[in-house]
>>> print(open('coords20.pdb').read())   # PDB, C-alpha atoms and all ligand atoms
MODEL        1
ATOM      1  CA  MET V 214     -65.198 -19.925 -11.506  1.00  0.00           C
ATOM      2  CA  SER V 215     -61.532 -20.647 -10.895  1.00  0.00           C
ATOM      3  CA  TYR V 216     -60.080 -20.239  -7.409  1.00  0.00           C
ATOM      4  CA  ARG V 217     -56.524 -20.719  -6.147  1.00  0.00           C
ATOM      5  CA  ILE V 218     -55.286 -20.879  -2.554  1.00  0.00           C
ATOM      6  CA  GLY V 219     -51.784 -20.013  -1.340  1.00  0.00           C
ATOM      7  CA  THR V 220     -49.850 -20.029   1.900  1.00  0.00           C
ATOM      8  CA  GLY V 221     -46.767 -18.107   2.970  1.00  0.00           C
ATOM      9  CA  ILE V 222     -44.504 -18.025   5.993  1.00  0.00           C
ATOM     10  CA  ASP V 223     -41.624 -15.719   6.874  1.00  0.00           C
ATOM     11  CA  TYR V 224     -39.122 -15.281   9.695  1.00  0.00           C
ATOM     12  CA  HIS V 225     -36.827 -12.449  10.736  1.00  0.00           C
ATOM     13  CA  GLN V 226     -34.345 -11.852  13.499  1.00  0.00           C
ATOM     14  CA  LEU V 227     -34.989  -9.031  15.953  1.00  0.00           C
ATOM     15  CA  ALA V 228     -32.090  -6.806  16.962  1.00  0.00           C
ATOM     16  CA  VAL V 229     -31.344  -3.447  18.522  1.00  0.00           C
ATOM     17  CA  GLY V 230     -30.649  -0.696  15.978  1.00  0.00           C
ATOM     18  CA  TYR V 231     -33.261  -1.740  13.416  1.00  0.00           C
ATOM     19  CA  ASP V 232     -36.762  -0.421  12.722  1.00  0.00           C
ATOM     20  CA  LEU V 233     -39.718  -2.702  13.369  1.00  0.00           C
ATOM     21  CA  TRP V 234     -41.930  -2.744  10.286  1.00  0.00           C
ATOM     22  CA  ILE V 235     -44.917  -5.075  10.450  1.00  0.00           C
ATOM     23  CA  GLY V 236     -47.850  -5.010   8.056  1.00  0.00           C
ATOM     24  CA  GLY V 237     -46.603  -1.799   6.455  1.00  0.00           C
ATOM     25  CA  ILE V 238     -46.600   0.029   9.801  1.00  0.00           C
ATOM     26  CA  LYS V 239     -43.527   1.210  11.712  1.00  0.00           C
ATOM     27  CA  ILE V 240     -44.011   0.120  15.300  1.00  0.00           C
ATOM     28  CA  PRO V 241     -42.116   1.779  18.150  1.00  0.00           C
ATOM     29  CA  HIS V 242     -39.958  -0.827  19.883  1.00  0.00           C
ATOM     30  CA  HIS V 243     -36.419  -1.157  21.229  1.00  0.00           C
ATOM     31  CA  LYS V 244     -35.692  -3.883  18.664  1.00  0.00           C
ATOM     32  CA  GLY V 245     -36.437  -4.157  14.957  1.00  0.00           C
ATOM     33  CA  SER V 246     -36.473  -6.757  12.182  1.00  0.00           C
ATOM     34  CA  VAL V 247     -33.166  -7.608  10.529  1.00  0.00           C
ATOM     35  CA  GLY V 248     -33.219  -8.081   6.765  1.00  0.00           C
ATOM     36  CA  HIS V 249     -32.116  -6.940   3.334  1.00  0.00           C
ATOM     37  CA  SER V 250     -35.344  -4.993   2.766  1.00  0.00           C
ATOM     38  CA  ASP V 251     -37.296  -3.286   5.566  1.00  0.00           C
ATOM     39  CA  ALA V 252     -37.812  -6.881   6.793  1.00  0.00           C
ATOM     40  CA  ASP V 253     -41.594  -6.653   7.107  1.00  0.00           C
ATOM     41  CA  VAL V 254     -42.394 -10.213   8.122  1.00  0.00           C
ATOM     42  CA  LEU V 255     -46.144  -9.940   7.553  1.00  0.00           C
ATOM     43  CA  LEU V 256     -45.978  -8.381   4.088  1.00  0.00           C
ATOM     44  CA  HIS V 257     -43.378 -10.961   3.072  1.00  0.00           C
ATOM     45  CA  ALA V 258     -45.614 -13.832   4.200  1.00  0.00           C
ATOM     46  CA  ILE V 259     -48.503 -12.326   2.211  1.00  0.00           C
ATOM     47  CA  CYS V 260     -46.294 -11.915  -0.895  1.00  0.00           C
ATOM     48  CA  ASP V 261     -45.286 -15.565  -0.646  1.00  0.00           C
ATOM     49  CA  ALA V 262     -48.916 -16.658  -0.217  1.00  0.00           C
ATOM     50  CA  LEU V 263     -49.921 -14.670  -3.325  1.00  0.00           C
ATOM     51  CA  LEU V 264     -47.059 -16.105  -5.368  1.00  0.00           C
ATOM     52  CA  GLY V 265     -47.746 -19.583  -4.023  1.00  0.00           C
ATOM     53  CA  ALA V 266     -51.395 -19.459  -5.045  1.00  0.00           C
ATOM     54  CA  LEU V 267     -50.341 -19.233  -8.694  1.00  0.00           C
ATOM     55  CA  ALA V 268     -47.198 -21.376  -8.311  1.00  0.00           C
ATOM     56  CA  LEU V 269     -45.030 -18.400  -9.272  1.00  0.00           C
ATOM     57  CA  GLY V 270     -42.146 -19.319  -6.987  1.00  0.00           C
ATOM     58  CA  ASP V 271     -41.266 -17.340  -3.888  1.00  0.00           C
ATOM     59  CA  ILE V 272     -40.330 -13.846  -2.803  1.00  0.00           C
ATOM     60  CA  GLY V 273     -36.615 -14.657  -2.944  1.00  0.00           C
ATOM     61  CA  LEU V 274     -36.932 -15.584  -6.618  1.00  0.00           C
ATOM     62  CA  HIS V 275     -38.661 -12.340  -7.619  1.00  0.00           C
ATOM     63  CA  PHE V 276     -36.903  -9.962  -5.197  1.00  0.00           C
ATOM     64  CA  PRO V 277     -33.484 -11.506  -4.448  1.00  0.00           C
ATOM     65  CA  ASN V 278     -31.780 -10.359  -1.247  1.00  0.00           C
ATOM     66  CA  THR V 279     -28.513 -10.194  -3.172  1.00  0.00           C
ATOM     67  CA  SER V 280     -29.841  -7.355  -5.354  1.00  0.00           C
ATOM     68  CA  GLN V 281     -28.998  -3.740  -4.536  1.00  0.00           C
ATOM     69  CA  GLU V 282     -32.367  -2.826  -6.060  1.00  0.00           C
ATOM     70  CA  PHE V 283     -34.136  -4.288  -3.038  1.00  0.00           C
ATOM     71  CA  LYS V 284     -31.735  -3.067  -0.327  1.00  0.00           C
ATOM     72  CA  ASN V 285     -33.784  -1.407   2.446  1.00  0.00           C
ATOM     73  CA  ILE V 286     -36.800  -1.367   0.103  1.00  0.00           C
ATOM     74  CA  ASP V 287     -40.240  -0.647   1.538  1.00  0.00           C
ATOM     75  CA  SER V 288     -42.002  -4.018   1.484  1.00  0.00           C
ATOM     76  CA  LYS V 289     -45.227  -2.278   0.444  1.00  0.00           C
ATOM     77  CA  ILE V 290     -43.505  -1.872  -2.938  1.00  0.00           C
ATOM     78  CA  LEU V 291     -42.723  -5.598  -3.003  1.00  0.00           C
ATOM     79  CA  LEU V 292     -46.387  -6.334  -2.272  1.00  0.00           C
ATOM     80  CA  GLN V 293     -47.459  -3.931  -5.050  1.00  0.00           C
ATOM     81  CA  ARG V 294     -45.108  -5.639  -7.493  1.00  0.00           C
ATOM     82  CA  THR V 295     -46.378  -9.048  -6.415  1.00  0.00           C
ATOM     83  CA  MET V 296     -49.948  -7.875  -7.051  1.00  0.00           C
ATOM     84  CA  GLU V 297     -48.916  -6.816 -10.566  1.00  0.00           C
ATOM     85  CA  LEU V 298     -47.834 -10.404 -11.215  1.00  0.00           C
ATOM     86  CA  ILE V 299     -51.175 -11.671  -9.884  1.00  0.00           C
ATOM     87  CA  SER V 300     -53.103  -9.194 -12.058  1.00  0.00           C
ATOM     88  CA  GLN V 301     -51.088 -10.163 -15.131  1.00  0.00           C
ATOM     89  CA  LYS V 302     -52.294 -13.730 -14.585  1.00  0.00           C
ATOM     90  CA  LYS V 303     -55.892 -12.366 -14.468  1.00  0.00           C
ATOM     91  CA  TYR V 304     -56.511 -13.112 -10.817  1.00  0.00           C
ATOM     92  CA  LYS V 305     -57.750 -10.940  -7.943  1.00  0.00           C
ATOM     93  CA  VAL V 306     -57.643 -11.451  -4.183  1.00  0.00           C
ATOM     94  CA  VAL V 307     -60.771 -12.712  -2.436  1.00  0.00           C
ATOM     95  CA  ASN V 308     -59.416 -12.591   1.124  1.00  0.00           C
ATOM     96  CA  VAL V 309     -56.301 -12.885   3.264  1.00  0.00           C
ATOM     97  CA  ASP V 310     -55.940 -14.464   6.664  1.00  0.00           C
ATOM     98  CA  SER V 311     -52.701 -14.099   8.589  1.00  0.00           C
ATOM     99  CA  THR V 312     -51.109 -14.703  11.959  1.00  0.00           C
ATOM    100  CA  LEU V 313     -48.169 -12.884  13.486  1.00  0.00           C
ATOM    101  CA  CYS V 314     -46.119 -14.581  16.140  1.00  0.00           C
ATOM    102  CA  LEU V 315     -43.984 -12.485  18.464  1.00  0.00           C
ATOM    103  CA  GLU V 316     -43.558 -11.962  22.181  1.00  0.00           C
ATOM    104  CA  GLU V 317     -43.221  -8.159  22.279  1.00  0.00           C
ATOM    105  CA  PRO V 318     -44.523  -5.583  21.544  1.00  0.00           C
ATOM    106  CA  LYS V 319     -48.241  -6.220  21.601  1.00  0.00           C
ATOM    107  CA  ILE V 320     -49.448  -5.419  18.109  1.00  0.00           C
ATOM    108  CA  LYS V 321     -53.188  -5.182  18.794  1.00  0.00           C
ATOM    109  CA  PRO V 322     -53.155  -1.343  18.699  1.00  0.00           C
ATOM    110  CA  TYR V 323     -51.734  -1.481  15.158  1.00  0.00           C
ATOM    111  CA  VAL V 324     -53.825  -4.258  13.628  1.00  0.00           C
ATOM    112  CA  GLN V 325     -56.534  -2.023  12.205  1.00  0.00           C
ATOM    113  CA  GLN V 326     -53.961   0.184  10.489  1.00  0.00           C
ATOM    114  CA  MET V 327     -52.170  -2.881   9.074  1.00  0.00           C
ATOM    115  CA  ARG V 328     -55.434  -4.234   7.643  1.00  0.00           C
ATOM    116  CA  LYS V 329     -56.112  -0.877   5.984  1.00  0.00           C
ATOM    117  CA  VAL V 330     -52.637  -0.668   4.422  1.00  0.00           C
ATOM    118  CA  ILE V 331     -52.726  -4.258   3.158  1.00  0.00           C
ATOM    119  CA  ALA V 332     -56.299  -3.980   1.848  1.00  0.00           C
ATOM    120  CA  GLU V 333     -55.428  -0.872  -0.178  1.00  0.00           C
ATOM    121  CA  ILE V 334     -52.433  -2.506  -1.832  1.00  0.00           C
ATOM    122  CA  ILE V 335     -54.090  -5.809  -2.696  1.00  0.00           C
ATOM    123  CA  GLY V 336     -57.380  -4.242  -3.783  1.00  0.00           C
ATOM    124  CA  VAL V 337     -59.877  -5.613  -1.272  1.00  0.00           C
ATOM    125  CA  ASP V 338     -61.966  -4.249   1.613  1.00  0.00           C
ATOM    126  CA  GLU V 339     -60.511  -4.181   5.125  1.00  0.00           C
ATOM    127  CA  ASP V 340     -63.062  -6.842   6.037  1.00  0.00           C
ATOM    128  CA  ASP V 341     -61.286  -9.158   3.611  1.00  0.00           C
ATOM    129  CA  VAL V 342     -57.956  -8.847   5.446  1.00  0.00           C
ATOM    130  CA  SER V 343     -57.492 -10.651   8.746  1.00  0.00           C
ATOM    131  CA  VAL V 344     -54.430 -10.050  10.940  1.00  0.00           C
ATOM    132  CA  LYS V 345     -54.231 -12.149  14.078  1.00  0.00           C
ATOM    133  CA  ALA V 346     -51.463 -12.291  16.671  1.00  0.00           C
ATOM    134  CA  THR V 347     -50.115 -14.875  19.033  1.00  0.00           C
ATOM    135  CA  THR V 348     -46.990 -15.707  21.033  1.00  0.00           C
ATOM    136  CA  THR V 349     -45.081 -18.931  21.572  1.00  0.00           C
ATOM    137  CA  GLU V 350     -45.750 -18.707  25.321  1.00  0.00           C
ATOM    138  CA  LYS V 351     -42.104 -17.668  25.944  1.00  0.00           C
ATOM    139  CA  MET V 352     -40.787 -20.781  24.162  1.00  0.00           C
ATOM    140  CA  GLY V 353     -38.097 -20.851  21.486  1.00  0.00           C
ATOM    141  CA  PHE V 354     -36.591 -17.993  19.478  1.00  0.00           C
ATOM    142  CA  ALA V 355     -39.811 -15.972  19.391  1.00  0.00           C
ATOM    143  CA  GLY V 356     -40.305 -16.446  23.110  1.00  0.00           C
ATOM    144  CA  ARG V 357     -36.765 -15.208  23.759  1.00  0.00           C
ATOM    145  CA  GLU V 358     -37.490 -12.206  21.489  1.00  0.00           C
ATOM    146  CA  GLU V 359     -34.667 -13.217  19.132  1.00  0.00           C
ATOM    147  CA  GLY V 360     -37.051 -13.173  16.191  1.00  0.00           C
ATOM    148  CA  LEU V 361     -40.599 -13.166  14.925  1.00  0.00           C
ATOM    149  CA  PHE V 362     -42.564 -14.918  12.223  1.00  0.00           C
ATOM    150  CA  ALA V 363     -45.755 -14.604  10.257  1.00  0.00           C
ATOM    151  CA  GLN V 364     -48.019 -16.958   8.338  1.00  0.00           C
ATOM    152  CA  ALA V 365     -50.521 -15.991   5.668  1.00  0.00           C
ATOM    153  CA  THR V 366     -53.171 -17.695   3.555  1.00  0.00           C
ATOM    154  CA  VAL V 367     -54.777 -16.087   0.508  1.00  0.00           C
ATOM    155  CA  LEU V 368     -57.615 -17.016  -1.804  1.00  0.00           C
ATOM    156  CA  LEU V 369     -57.496 -15.794  -5.404  1.00  0.00           C
ATOM    157  CA  GLN V 370     -60.297 -15.736  -7.949  1.00  0.00           C
ATOM    158  CA  LYS V 371     -59.913 -15.625 -11.723  1.00  0.00           C
ATOM    159  CA  THR V 372     -61.227 -12.341 -13.131  1.00  0.00           C
ATOM    160  CA  ILE V 373     -62.056 -13.613 -16.632  1.00  0.00           C
TER     161      ILE V 373
HETATM  162 ZN    ZN V 401     -38.946 -11.537   5.056  1.00  0.00          ZN
ENDMDL
END
>>> encode(input="coords20.pdb", output="structure tokens", more="lines below")
Ligand SMILES: [Zn+2]
Amino acid sequence: MSYRIGTGIDYHQLAVGYDLWIGGIKIPHHKGSVGHSDADVLLHAICDALLGALALGDIGLHFPNTSQEFKNIDSKILLQRTMELISQKKYKVVNVDSTLCLEEPKIKPYVQQMRKVIAEIIGVDEDDVSVKATTTEKMGFAGREEGLFAQATVLLQKTI
């Protein structure tokens, strides 16, 4: 049985006047993520982990932020398209582990919903999707609420 592991990391600025999309969920907050797409830091980290597992490059290669096609795009579509690439290579997801890092808002109330959304798109059970959260203890850009970041690890298994 062939297995592949991948890791992904993503960062976005936080600013007033933007929506805060994390893990496919729109979270009420006075600041949102700045980016070319909907700037969903968690879904982007998971896309990069999936691509990384099969050495397919990174999210910027497949969905360039210079392309009008991806302007304001829902990152759930990017994750779907990434999964198509994984399926074409005859792999499926075994599990995902991820960590979000931001000072505010507290995302615990939304974690279950995020796991459900992600699990549906990548074709696993909710129990196979872990979303954890931490802060930088007020230090650095995340501590000052200038930005947020996410890290993800995925395990893929060959289907044939
Ligand atoms: Zn991103």
>>> resolve_selection(input="coords20.pdb", expression="the PyMOL selection byres (((not hetatm)) within 7 of (chain V and resi 401))", output="list in words")
Asp223, Tyr224, His225, Gly248, Ala252, Asp253, Val254 and His257 of chain V
>>> residues_near_point(input="coords20.pdb", point="(-42.8, -17.9, -7.7)", cutoff="12 Å", atoms="all atoms listed in the file", output="mmCIF file with C-alpha atoms, in the frame of the given file")
data_model
loop_
_atom_site.group_PDB
_atom_site.id
_atom_site.type_symbol
_atom_site.label_atom_id
_atom_site.label_comp_id
_atom_site.auth_asym_id
_atom_site.auth_seq_id
_atom_site.Cartn_x
_atom_site.Cartn_y
_atom_site.Cartn_z
ATOM 1 C CA GLY V 219 -51.784 -20.013 -1.340
ATOM 2 C CA GLY V 221 -46.767 -18.107 2.970
ATOM 3 C CA CYS V 260 -46.294 -11.915 -0.895
ATOM 4 C CA ASP V 261 -45.286 -15.565 -0.646
ATOM 5 C CA ALA V 262 -48.916 -16.658 -0.217
ATOM 6 C CA LEU V 263 -49.921 -14.670 -3.325
ATOM 7 C CA LEU V 264 -47.059 -16.105 -5.368
ATOM 8 C CA GLY V 265 -47.746 -19.583 -4.023
ATOM 9 C CA ALA V 266 -51.395 -19.459 -5.045
ATOM 10 C CA LEU V 267 -50.341 -19.233 -8.694
ATOM 11 C CA ALA V 268 -47.198 -21.376 -8.311
ATOM 12 C CA LEU V 269 -45.030 -18.400 -9.272
ATOM 13 C CA GLY V 270 -42.146 -19.319 -6.987
ATOM 14 C CA ASP V 271 -41.266 -17.340 -3.888
ATOM 15 C CA ILE V 272 -40.330 -13.846 -2.803
ATOM 16 C CA GLY V 273 -36.615 -14.657 -2.944
ATOM 17 C CA LEU V 274 -36.932 -15.584 -6.618
ATOM 18 C CA HIS V 275 -38.661 -12.340 -7.619
ATOM 19 C CA PHE V 276 -36.903 -9.962 -5.197
ATOM 20 C CA PRO V 277 -33.484 -11.506 -4.448
ATOM 21 C CA THR V 295 -46.378 -9.048 -6.415
ATOM 22 C CA LEU V 298 -47.834 -10.404 -11.215
ATOM 23 C CA ILE V 299 -51.175 -11.671 -9.884
#
>>> resolve_selection(input="coords20.pdb", expression="the PyMOL selection byres (((chain V and resi 231-236) around 10) and not hetatm)", output="MDAnalysis selection string")
chainID V and resid 227:230 237:248 251:259 287:289 313 318 320 323:324 326:331 344 363
>>> atom_distance(input="coords20.pdb", atom1="CA of Ala365 (chain V)", atom2="CA of Met296 (chain V)")
15.1 Å
>>> resolve_selection(input="coords20.pdb", expression="the PyMOL selection byres (((chain V and resi 369) around 7) and not hetatm)", output="list of chain:residue names")
V:Tyr216, V:Arg217, V:Ile218, V:Tyr304, V:Lys305, V:Val306, V:Val307, V:Val367, V:Leu368, V:Gln370, V:Lys371
>>> atom_distance(input="coords20.pdb", atom1="CA of Phe362 (chain V)", atom2="CA of Lys321 (chain V)")
15.8 Å
>>> atom_distance(input="coords20.pdb", atom1="CA of Ser250 (chain V)", atom2="CA of Leu361 (chain V)")
15.6 Å
>>> closest_residue(input="coords20.pdb", among="V:Glu316, V:Glu359, V:Asn308, V:Pro322", to="Ser343 (chain V)", atoms="all atoms listed in the file")
V:Asn308
>>> build_atoms(input="coords20.pdb", residues="region 227-252 of chain V", atoms="N, CA, C and O atoms", output="PDB file, in the frame of the given file")
ATOM      1  N   LEU V 227     -34.768 -10.335  15.319  1.00  0.00           N
ATOM      2  CA  LEU V 227     -34.989  -9.031  15.953  1.00  0.00           C
ATOM      3  C   LEU V 227     -33.671  -8.586  16.579  1.00  0.00           C
ATOM      4  O   LEU V 227     -32.986  -9.396  17.216  1.00  0.00           O
ATOM      5  N   ALA V 228     -33.334  -7.313  16.374  1.00  0.00           N
ATOM      6  CA  ALA V 228     -32.090  -6.806  16.962  1.00  0.00           C
ATOM      7  C   ALA V 228     -32.205  -5.319  17.241  1.00  0.00           C
ATOM      8  O   ALA V 228     -32.977  -4.607  16.587  1.00  0.00           O
ATOM      9  N   VAL V 229     -31.410  -4.867  18.182  1.00  0.00           N
ATOM     10  CA  VAL V 229     -31.344  -3.447  18.522  1.00  0.00           C
ATOM     11  C   VAL V 229     -30.707  -2.702  17.346  1.00  0.00           C
ATOM     12  O   VAL V 229     -29.797  -3.213  16.690  1.00  0.00           O
ATOM     13  N   GLY V 230     -31.231  -1.505  17.049  1.00  0.00           N
ATOM     14  CA  GLY V 230     -30.649  -0.696  15.978  1.00  0.00           C
ATOM     15  C   GLY V 230     -31.374  -0.817  14.658  1.00  0.00           C
ATOM     16  O   GLY V 230     -30.932  -0.239  13.665  1.00  0.00           O
ATOM     17  N   TYR V 231     -32.451  -1.592  14.629  1.00  0.00           N
ATOM     18  CA  TYR V 231     -33.261  -1.740  13.416  1.00  0.00           C
ATOM     19  C   TYR V 231     -34.682  -1.249  13.678  1.00  0.00           C
ATOM     20  O   TYR V 231     -35.161  -1.311  14.815  1.00  0.00           O
ATOM     21  N   ASP V 232     -35.352  -0.800  12.601  1.00  0.00           N
ATOM     22  CA  ASP V 232     -36.762  -0.421  12.722  1.00  0.00           C
ATOM     23  C   ASP V 232     -37.643  -1.666  12.692  1.00  0.00           C
ATOM     24  O   ASP V 232     -37.292  -2.663  12.058  1.00  0.00           O
ATOM     25  N   LEU V 233     -38.776  -1.584  13.366  1.00  0.00           N
ATOM     26  CA  LEU V 233     -39.718  -2.702  13.369  1.00  0.00           C
ATOM     27  C   LEU V 233     -40.903  -2.368  12.462  1.00  0.00           C
ATOM     28  O   LEU V 233     -41.818  -1.632  12.854  1.00  0.00           O
ATOM     29  N   TRP V 234     -40.829  -2.894  11.245  1.00  0.00           N
ATOM     30  CA  TRP V 234     -41.930  -2.744  10.286  1.00  0.00           C
ATOM     31  C   TRP V 234     -42.735  -4.028  10.267  1.00  0.00           C
ATOM     32  O   TRP V 234     -42.181  -5.109  10.025  1.00  0.00           O
ATOM     33  N   ILE V 235     -44.026  -3.912  10.526  1.00  0.00           N
ATOM     34  CA  ILE V 235     -44.917  -5.075  10.450  1.00  0.00           C
ATOM     35  C   ILE V 235     -46.216  -4.636   9.783  1.00  0.00           C
ATOM     36  O   ILE V 235     -46.860  -3.682  10.238  1.00  0.00           O
ATOM     37  N   GLY V 236     -46.589  -5.327   8.732  1.00  0.00           N
ATOM     38  CA  GLY V 236     -47.850  -5.010   8.056  1.00  0.00           C
ATOM     39  C   GLY V 236     -47.869  -3.605   7.472  1.00  0.00           C
ATOM     40  O   GLY V 236     -48.931  -2.993   7.386  1.00  0.00           O
ATOM     41  N   GLY V 237     -46.701  -3.119   7.074  1.00  0.00           N
ATOM     42  CA  GLY V 237     -46.603  -1.799   6.455  1.00  0.00           C
ATOM     43  C   GLY V 237     -46.591  -0.652   7.441  1.00  0.00           C
ATOM     44  O   GLY V 237     -46.605   0.508   7.050  1.00  0.00           O
ATOM     45  N   ILE V 238     -46.571  -0.981   8.738  1.00  0.00           N
ATOM     46  CA  ILE V 238     -46.600   0.029   9.801  1.00  0.00           C
ATOM     47  C   ILE V 238     -45.284  -0.017  10.568  1.00  0.00           C
ATOM     48  O   ILE V 238     -44.795  -1.096  10.896  1.00  0.00           O
ATOM     49  N   LYS V 239     -44.731   1.157  10.878  1.00  0.00           N
ATOM     50  CA  LYS V 239     -43.527   1.210  11.712  1.00  0.00           C
ATOM     51  C   LYS V 239     -43.952   1.275  13.169  1.00  0.00           C
ATOM     52  O   LYS V 239     -44.640   2.213  13.589  1.00  0.00           O
ATOM     53  N   ILE V 240     -43.566   0.263  13.916  1.00  0.00           N
ATOM     54  CA  ILE V 240     -44.011   0.120  15.300  1.00  0.00           C
ATOM     55  C   ILE V 240     -42.872   0.502  16.255  1.00  0.00           C
ATOM     56  O   ILE V 240     -41.763  -0.015  16.121  1.00  0.00           O
ATOM     57  N   PRO V 241     -43.158   1.394  17.199  1.00  0.00           N
ATOM     58  CA  PRO V 241     -42.116   1.779  18.150  1.00  0.00           C
ATOM     59  C   PRO V 241     -41.722   0.601  19.042  1.00  0.00           C
ATOM     60  O   PRO V 241     -42.592  -0.016  19.669  1.00  0.00           O
ATOM     61  N   HIS V 242     -40.435   0.288  19.065  1.00  0.00           N
ATOM     62  CA  HIS V 242     -39.958  -0.827  19.883  1.00  0.00           C
ATOM     63  C   HIS V 242     -38.443  -0.699  20.003  1.00  0.00           C
ATOM     64  O   HIS V 242     -37.806  -0.113  19.139  1.00  0.00           O
ATOM     65  N   HIS V 243     -37.869  -1.283  21.053  1.00  0.00           N
ATOM     66  CA  HIS V 243     -36.419  -1.157  21.229  1.00  0.00           C
ATOM     67  C   HIS V 243     -35.636  -2.089  20.301  1.00  0.00           C
ATOM     68  O   HIS V 243     -34.421  -1.965  20.174  1.00  0.00           O
ATOM     69  N   LYS V 244     -36.336  -3.010  19.644  1.00  0.00           N
ATOM     70  CA  LYS V 244     -35.692  -3.883  18.664  1.00  0.00           C
ATOM     71  C   LYS V 244     -36.448  -3.791  17.348  1.00  0.00           C
ATOM     72  O   LYS V 244     -37.630  -3.442  17.327  1.00  0.00           O
ATOM     73  N   GLY V 245     -35.771  -4.142  16.252  1.00  0.00           N
ATOM     74  CA  GLY V 245     -36.437  -4.157  14.957  1.00  0.00           C
ATOM     75  C   GLY V 245     -36.071  -5.411  14.178  1.00  0.00           C
ATOM     76  O   GLY V 245     -35.232  -6.210  14.622  1.00  0.00           O
ATOM     77  N   SER V 246     -36.696  -5.583  13.026  1.00  0.00           N
ATOM     78  CA  SER V 246     -36.473  -6.757  12.182  1.00  0.00           C
ATOM     79  C   SER V 246     -35.222  -6.571  11.330  1.00  0.00           C
ATOM     80  O   SER V 246     -35.044  -5.546  10.687  1.00  0.00           O
ATOM     81  N   VAL V 247     -34.404  -7.624  11.306  1.00  0.00           N
ATOM     82  CA  VAL V 247     -33.166  -7.608  10.529  1.00  0.00           C
ATOM     83  C   VAL V 247     -33.429  -8.223   9.162  1.00  0.00           C
ATOM     84  O   VAL V 247     -33.997  -9.313   9.076  1.00  0.00           O
ATOM     85  N   GLY V 248     -33.037  -7.514   8.107  1.00  0.00           N
ATOM     86  CA  GLY V 248     -33.219  -8.081   6.765  1.00  0.00           C
ATOM     87  C   GLY V 248     -32.634  -7.186   5.703  1.00  0.00           C
ATOM     88  O   GLY V 248     -32.182  -6.079   5.979  1.00  0.00           O
ATOM     89  N   HIS V 249     -32.665  -7.675   4.480  1.00  0.00           N
ATOM     90  CA  HIS V 249     -32.116  -6.940   3.334  1.00  0.00           C
ATOM     91  C   HIS V 249     -33.042  -5.771   2.974  1.00  0.00           C
ATOM     92  O   HIS V 249     -32.591  -4.676   2.667  1.00  0.00           O
ATOM     93  N   SER V 250     -34.345  -6.038   3.014  1.00  0.00           N
ATOM     94  CA  SER V 250     -35.344  -4.993   2.766  1.00  0.00           C
ATOM     95  C   SER V 250     -35.682  -4.360   4.116  1.00  0.00           C
ATOM     96  O   SER V 250     -34.889  -4.426   5.045  1.00  0.00           O
ATOM     97  N   ASP V 251     -36.885  -3.787   4.247  1.00  0.00           N
ATOM     98  CA  ASP V 251     -37.296  -3.286   5.566  1.00  0.00           C
ATOM     99  C   ASP V 251     -37.712  -4.434   6.495  1.00  0.00           C
ATOM    100  O   ASP V 251     -38.105  -4.206   7.626  1.00  0.00           O
ATOM    101  N   ALA V 252     -37.621  -5.674   5.979  1.00  0.00           N
ATOM    102  CA  ALA V 252     -37.812  -6.881   6.793  1.00  0.00           C
ATOM    103  C   ALA V 252     -39.214  -6.973   7.415  1.00  0.00           C
ATOM    104  O   ALA V 252     -39.367  -7.394   8.561  1.00  0.00           O
TER     105      ALA V 252
END
